[in-house]
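Enquirer: Below you'll find the structure I mean.
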Amino acid sequence: MLEDKINKIKSELDVINIKTYEDLELFKLNYLTKKSELSLLFNFIKEVSPELRKEIGFKINNLKNIAESIFETNKLLFEVNQTFSLNDSTLPSNGFNNGSKHPLSIIQNQIIEIFQKLGFSLSDGPEIEDDWHNFSALNFPENHPARDMQDTFFISEEHALRTHTSSVQVRIMESEKPPLRYIMPGRVYRNEAVSARANCFFHQVEGIYIDKNVSFADLKLVLFEFTKQMFNKDVKLRFRPSYFPFTEPSAEMDITCFICSGSGCNICKHSGWVEIMGCGMIDPSVLENNNIDSNKYSGYAFGMGIERIAMLKYQINDLRLFFDNDLRMLKQFS
Ligand SMILES: [Zn+2]
């Protein structure tokens with residue numbers, strides 16, 4: 001009699017089909033509430049003979065577990081479906097979040113484009129450099145401060161993260177014969193504390209031209225063309241004598257401040273001039289270091305910081321903003 005009831009409920013559960021939320025409610029009422037047929041079975045256990053009691057109790061318990069599992073599974077399905085039904089296809093779309101180019105990429109691409117129009121080819125080199133390419137071939141003396149751990153990230157006794165893109169000059173000179181006309185953009189590393197004006201890595205573009213009869217006048221002409229196209233103004237150039245181990249003579253190049261047109265402002269610190277890059281004629285001994293006959297060939301080199309140009313062009317006053325990945329900043333360049 002009790003056995004029949006158990007079998008009846010079991011066969012019902014085997015074919016149960018819950019389609020609506022009402023079905024689910026009804027299922028709960030029929031099988032899981034205290035007064036449901038299934039729960040009432042427990043009341044009959046005490047009438048079963050002691051030797052069968054354990055087995056019957058086990059069967060009823062098992063039935064209850066099956067019913068609970070059916071209920072929980074279907075309840076979960078309804079909850080998931082409800083979430084999906086919120087996807088109303090008639091609602092207006094949220095639109096796409098368009099990405100934007102990083103300001104440093106924009107500036108780097110502009111620089112590359114201008115110099116390519118002026119006949120320069122593009123090249124690059126490794127960011128981990130040996131002493132020869134980063135220092136020795138470029139005339140850095142043994143005791144130069146750049147060779148100090150304080151200024152350079154050394155990886156081993158012989159290798160460091162390159163401190164400038166000038167190392168790529170050496171790689172070009174040793175692998176090709178003049179005429180050579182290249183620009184070399186890339187990331188460089190310095191062991192400096194991070195601040196608004198300094199970072200442990202930044203980006204440079206280096207340029208070289210080596211051929212017969214290359215003069216400082218050629219350098220000035222190319223930089224004048226670049227400056228005009230980069231800053232969209234008829235700017236004036238100023239060359240101040242400077243020193244780099246790998247150029248002789250060397251100069252820092254300033255342009256008339258494009259914000260105040262030379263009358264003085266915060267950007268140019270009221271001098272009317274802003275410093276743009278370093279440049280000079282490649283030191284003959286650097287040419288000789290790379291097996292280029294310095295009696296036959298001469299060349300110029302220049303290098304600028306991409307962050308520096310971007311900060312000037314976009315009037316950004318903190319270097320760290322380029323690397324924070326703050327969308328409020330980056331969105332402005334879309
Ligand atoms: Zn100014």
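So you can find residues: chains in the structure tokens are A, B, ... in the order shown, residues in each start at 1, and ligands are numbered from 1 in order.
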Give the residue list for ligand 1 at 7 Å, counting only C-alpha atoms and all ligand atoms, as a VMD selection string, sorted by chain and then by residue number.

Expert: chain A and resid 257 to 273

Enquirer: Keeping only C-alpha atoms, write the selected residues as a short mmCIF file (atom, residue, chain, number, x, y, z; two decimals), in the first residue's frame.

Expert:
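Dumped everything to out.cif:
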data_model
loop_
_atom_site.label_atom_id
_atom_site.label_comp_id
_atom_site.auth_asym_id
_atom_site.auth_seq_id
_atom_site.Cartn_x
_atom_site.Cartn_y
_atom_site.Cartn_z
CA CYS A 257 57.34 79.59 -29.33
CA PHE A 258 54.28 78.63 -31.37
CA ILE A 259 51.93 79.50 -28.53
CA CYS A 260 52.93 83.15 -28.09
CA SER A 261 54.80 83.56 -31.41
CA GLY A 262 57.86 84.63 -29.47
CA SER A 263 56.37 87.31 -27.23
CA GLY A 264 56.72 85.15 -24.09
CA CYS A 265 54.38 82.75 -22.23
CA ASN A 266 54.40 79.96 -19.64
CA ILE A 267 55.24 77.26 -22.19
CA CYS A 268 58.44 79.02 -23.31
CA LYS A 269 59.15 80.30 -19.78
CA HIS A 270 58.85 83.84 -21.22
CA SER A 271 61.92 83.41 -23.40
CA GLY A 272 60.03 83.23 -26.70
CA TRP A 273 61.92 80.01 -27.61
#

Enquirer: Excluding same-chain residues fewer than 2 positions from A:Leu319, what lies within 7 Å of it counting only C-alpha atoms, as a list in words?

Expert: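 Here the qualifying residues turn out to be Ala196, Arg197, Ala198, Asn317, Leu321 and Phe322 of chain A.
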
Enquirer: Selection from above, N, CA and C atoms, as an mmCIF file, in the first residue's frame, can you write it?

Expert:
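Below you can see out_31.cif, which holds the result:
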data_model
loop_
_atom_site.group_PDB
_atom_site.id
_atom_site.type_symbol
_atom_site.label_atom_id
_atom_site.label_comp_id
_atom_site.auth_asym_id
_atom_site.auth_seq_id
_atom_site.Cartn_x
_atom_site.Cartn_y
_atom_site.Cartn_z
ATOM 1 N N ALA A 196 56.789 64.680 -13.058
ATOM 2 C CA ALA A 196 56.066 65.343 -14.141
ATOM 3 C C ALA A 196 56.967 65.580 -15.346
ATOM 4 N N ARG A 197 58.292 65.662 -15.105
ATOM 5 C CA ARG A 197 59.242 66.000 -16.170
ATOM 6 C C ARG A 197 60.126 64.839 -16.593
ATOM 7 N N ALA A 198 60.109 63.736 -15.846
ATOM 8 C CA ALA A 198 61.020 62.630 -16.163
ATOM 9 C C ALA A 198 60.304 61.299 -15.972
ATOM 10 N N ASN A 317 51.223 69.211 -19.435
ATOM 11 C CA ASN A 317 52.323 69.647 -18.560
ATOM 12 C C ASN A 317 52.835 68.551 -17.621
ATOM 13 N N LEU A 321 50.967 61.646 -17.546
ATOM 14 C CA LEU A 321 49.642 61.494 -18.162
ATOM 15 C C LEU A 321 49.681 60.571 -19.379
ATOM 16 N N PHE A 322 50.837 60.502 -20.053
ATOM 17 C CA PHE A 322 50.936 59.651 -21.241
ATOM 18 C C PHE A 322 50.854 58.169 -20.885
#

Enquirer: Per DSSP on the backbone, what are the alpha helix (DSSP H) residues of stretch 159-242 of chain A, as a ChimeraX atom specification?

Expert: /A:166-175,216-231

Enquirer: Any chance you could tabulate, as a tab-separated table, the residues of stretch 166-244 of chain A at most 9 Å from stretch 131-151 of chain A with each one's nearest atom pair and distance in Å to one decimal, using only C-alpha atoms, in chain and rising number order?

Expert:
residue	atom	partner	partner_atom	distance
A:Ser166	CA	A:Asn134	CA	7.1
A:Ser167	CA	A:Asn134	CA	4.7
A:Val168	CA	A:His133	CA	7.6
A:Gln169	CA	A:His133	CA	8.5
A:Val170	CA	A:His133	CA	5.9
A:Arg171	CA	A:His133	CA	7.1
A:Arg190	CA	A:Asp151	CA	5.8
A:Asn191	CA	A:Asp151	CA	4.7
A:Glu192	CA	A:Asp151	CA	6.8
A:Phe244	CA	A:Phe140	CA	8.9

Enquirer: So that I can see what lies close to A:Val222, please list as a PDB file with N, CA and C atoms, in the first residue's frame the residues with an atom at most 12 Å from it, counting only C-alpha atoms and leaving out residues fewer than 6 positions away in the same chain.

Expert:
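What ended up in result_20.pdb:
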ATOM      1  N   ILE A 114      56.401  63.050 -42.075  1.00  0.00           N
ATOM      2  CA  ILE A 114      57.111  64.237 -42.587  1.00  0.00           C
ATOM      3  C   ILE A 114      58.487  63.841 -43.111  1.00  0.00           C
ATOM      4  N   PHE A 115      59.218  63.051 -42.325  1.00  0.00           N
ATOM      5  CA  PHE A 115      60.577  62.698 -42.759  1.00  0.00           C
ATOM      6  C   PHE A 115      60.559  61.737 -43.945  1.00  0.00           C
ATOM      7  N   GLN A 116      59.537  60.913 -44.035  1.00  0.00           N
ATOM      8  CA  GLN A 116      59.463  60.035 -45.211  1.00  0.00           C
ATOM      9  C   GLN A 116      59.263  60.860 -46.478  1.00  0.00           C
ATOM     10  N   LYS A 117      58.478  61.955 -46.342  1.00  0.00           N
ATOM     11  CA  LYS A 117      58.298  62.834 -47.501  1.00  0.00           C
ATOM     12  C   LYS A 117      59.612  63.514 -47.875  1.00  0.00           C
ATOM     13  N   LEU A 118      60.496  63.682 -46.878  1.00  0.00           N
ATOM     14  CA  LEU A 118      61.791  64.318 -47.126  1.00  0.00           C
ATOM     15  C   LEU A 118      62.841  63.299 -47.560  1.00  0.00           C
ATOM     16  N   GLY A 119      62.415  62.057 -47.808  1.00  0.00           N
ATOM     17  CA  GLY A 119      63.334  61.061 -48.368  1.00  0.00           C
ATOM     18  C   GLY A 119      63.986  60.133 -47.358  1.00  0.00           C
ATOM     19  N   PHE A 120      63.519  60.155 -46.116  1.00  0.00           N
ATOM     20  CA  PHE A 120      64.110  59.281 -45.094  1.00  0.00           C
ATOM     21  C   PHE A 120      63.402  57.933 -45.067  1.00  0.00           C
ATOM     22  N   ARG A 181      70.054  57.385 -45.308  1.00  0.00           N
ATOM     23  CA  ARG A 181      69.144  58.427 -44.834  1.00  0.00           C
ATOM     24  C   ARG A 181      67.987  57.741 -44.116  1.00  0.00           C
ATOM     25  N   GLY A 207      67.488  60.650 -36.343  1.00  0.00           N
ATOM     26  CA  GLY A 207      67.616  60.713 -37.799  1.00  0.00           C
ATOM     27  C   GLY A 207      69.074  60.844 -38.199  1.00  0.00           C
ATOM     28  N   ILE A 208      69.452  60.198 -39.298  1.00  0.00           N
ATOM     29  CA  ILE A 208      70.815  60.397 -39.816  1.00  0.00           C
ATOM     30  C   ILE A 208      70.776  60.536 -41.334  1.00  0.00           C
ATOM     31  N   TYR A 209      71.767  61.281 -41.832  1.00  0.00           N
ATOM     32  CA  TYR A 209      71.995  61.327 -43.269  1.00  0.00           C
ATOM     33  C   TYR A 209      73.499  61.304 -43.477  1.00  0.00           C
ATOM     34  N   VAL A 214      77.875  66.121 -47.189  1.00  0.00           N
ATOM     35  CA  VAL A 214      76.749  66.533 -46.346  1.00  0.00           C
ATOM     36  C   VAL A 214      77.262  67.599 -45.377  1.00  0.00           C
ATOM     37  N   SER A 215      76.514  68.700 -45.270  1.00  0.00           N
ATOM     38  CA  SER A 215      76.989  69.804 -44.428  1.00  0.00           C
ATOM     39  C   SER A 215      75.935  70.195 -43.394  1.00  0.00           C
ATOM     40  N   PHE A 216      76.338  71.067 -42.492  1.00  0.00           N
ATOM     41  CA  PHE A 216      75.418  71.568 -41.474  1.00  0.00           C
ATOM     42  C   PHE A 216      74.252  72.310 -42.126  1.00  0.00           C
ATOM     43  N   LYS A 228      58.435  73.363 -39.859  1.00  0.00           N
ATOM     44  CA  LYS A 228      57.315  74.058 -40.508  1.00  0.00           C
ATOM     45  C   LYS A 228      56.102  73.129 -40.625  1.00  0.00           C
ATOM     46  N   GLN A 229      56.372  71.869 -41.021  1.00  0.00           N
ATOM     47  CA  GLN A 229      55.255  70.947 -41.233  1.00  0.00           C
ATOM     48  C   GLN A 229      54.684  70.433 -39.911  1.00  0.00           C
ATOM     49  N   LEU A 237      64.170  79.207 -36.475  1.00  0.00           N
ATOM     50  CA  LEU A 237      65.005  78.238 -35.761  1.00  0.00           C
ATOM     51  C   LEU A 237      66.183  78.948 -35.105  1.00  0.00           C
ATOM     52  N   CYS A 279      71.193  68.015 -32.158  1.00  0.00           N
ATOM     53  CA  CYS A 279      71.622  67.610 -33.493  1.00  0.00           C
ATOM     54  C   CYS A 279      73.095  67.936 -33.670  1.00  0.00           C
ATOM     55  N   TYR A 300      75.030  64.037 -40.912  1.00  0.00           N
ATOM     56  CA  TYR A 300      74.465  64.699 -39.733  1.00  0.00           C
ATOM     57  C   TYR A 300      73.555  63.727 -38.990  1.00  0.00           C
ATOM     58  N   ALA A 301      73.263  64.064 -37.746  1.00  0.00           N
ATOM     59  CA  ALA A 301      72.338  63.267 -36.939  1.00  0.00           C
ATOM     60  C   ALA A 301      71.506  64.229 -36.097  1.00  0.00           C
ATOM     61  N   PHE A 302      70.289  63.817 -35.827  1.00  0.00           N
ATOM     62  CA  PHE A 302      69.453  64.616 -34.917  1.00  0.00           C
ATOM     63  C   PHE A 302      68.590  63.664 -34.109  1.00  0.00           C
TER      64      PHE A 302
END

Enquirer: Distance atom CA of A:Asp124-atom CA of A:Pro185, one decimal place?

Expert: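 Taking atom CA of A:Asp124 as the start and atom CA of A:Pro185 as the end point, the length is 6.7 Å.
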
Enquirer: With a distance cut-off of 9 Å and only C-alpha atoms, select the neighbouring residues of stretch 64-67 of chain A, excluding the residue or stretch itself and same-chain residues fewer than 3 positions from it, and output the selection as a list in words.

Expert: Lys10, Leu13, Phe27, Lys28, Tyr31, Leu32, Leu38, Ser39, Lys59, Ile60, Asn61, Ile70, Phe71 and Glu72 of chain A

Enquirer: Restrict the selected residues to C-alpha atoms and save them as a PDB file, in the first residue's frame.

Expert:
ATOM      1  CA  LYS A  10       8.128   8.268  -8.472  1.00  0.00           C
ATOM      2  CA  LEU A  13       8.276  12.740 -11.024  1.00  0.00           C
ATOM      3  CA  PHE A  27       4.903  21.462  -8.358  1.00  0.00           C
ATOM      4  CA  LYS A  28       6.037  22.968  -5.077  1.00  0.00           C
ATOM      5  CA  TYR A  31       5.456  17.659  -3.721  1.00  0.00           C
ATOM      6  CA  LEU A  32       7.329  19.933  -1.353  1.00  0.00           C
ATOM      7  CA  LEU A  38       5.033  13.226  -0.724  1.00  0.00           C
ATOM      8  CA  SER A  39       5.572  14.802   2.711  1.00  0.00           C
ATOM      9  CA  LYS A  59      13.060   5.348  -0.584  1.00  0.00           C
ATOM     10  CA  ILE A  60      10.868   8.226   0.652  1.00  0.00           C
ATOM     11  CA  ASN A  61      13.903  10.356   1.427  1.00  0.00           C
ATOM     12  CA  ILE A  70      13.657  19.201  -9.931  1.00  0.00           C
ATOM     13  CA  PHE A  71      12.308  22.306  -8.222  1.00  0.00           C
ATOM     14  CA  GLU A  72      15.716  24.012  -7.807  1.00  0.00           C
TER      15      GLU A  72
END

Enquirer: Which of stretch 60-218 of chain A end up as strand (DSSP E) when DSSP is run on this backbone - answer as an MDAnalysis selection string?

Expert: chainID A and resid 121:122 128:130 159:161 180:189 201:211
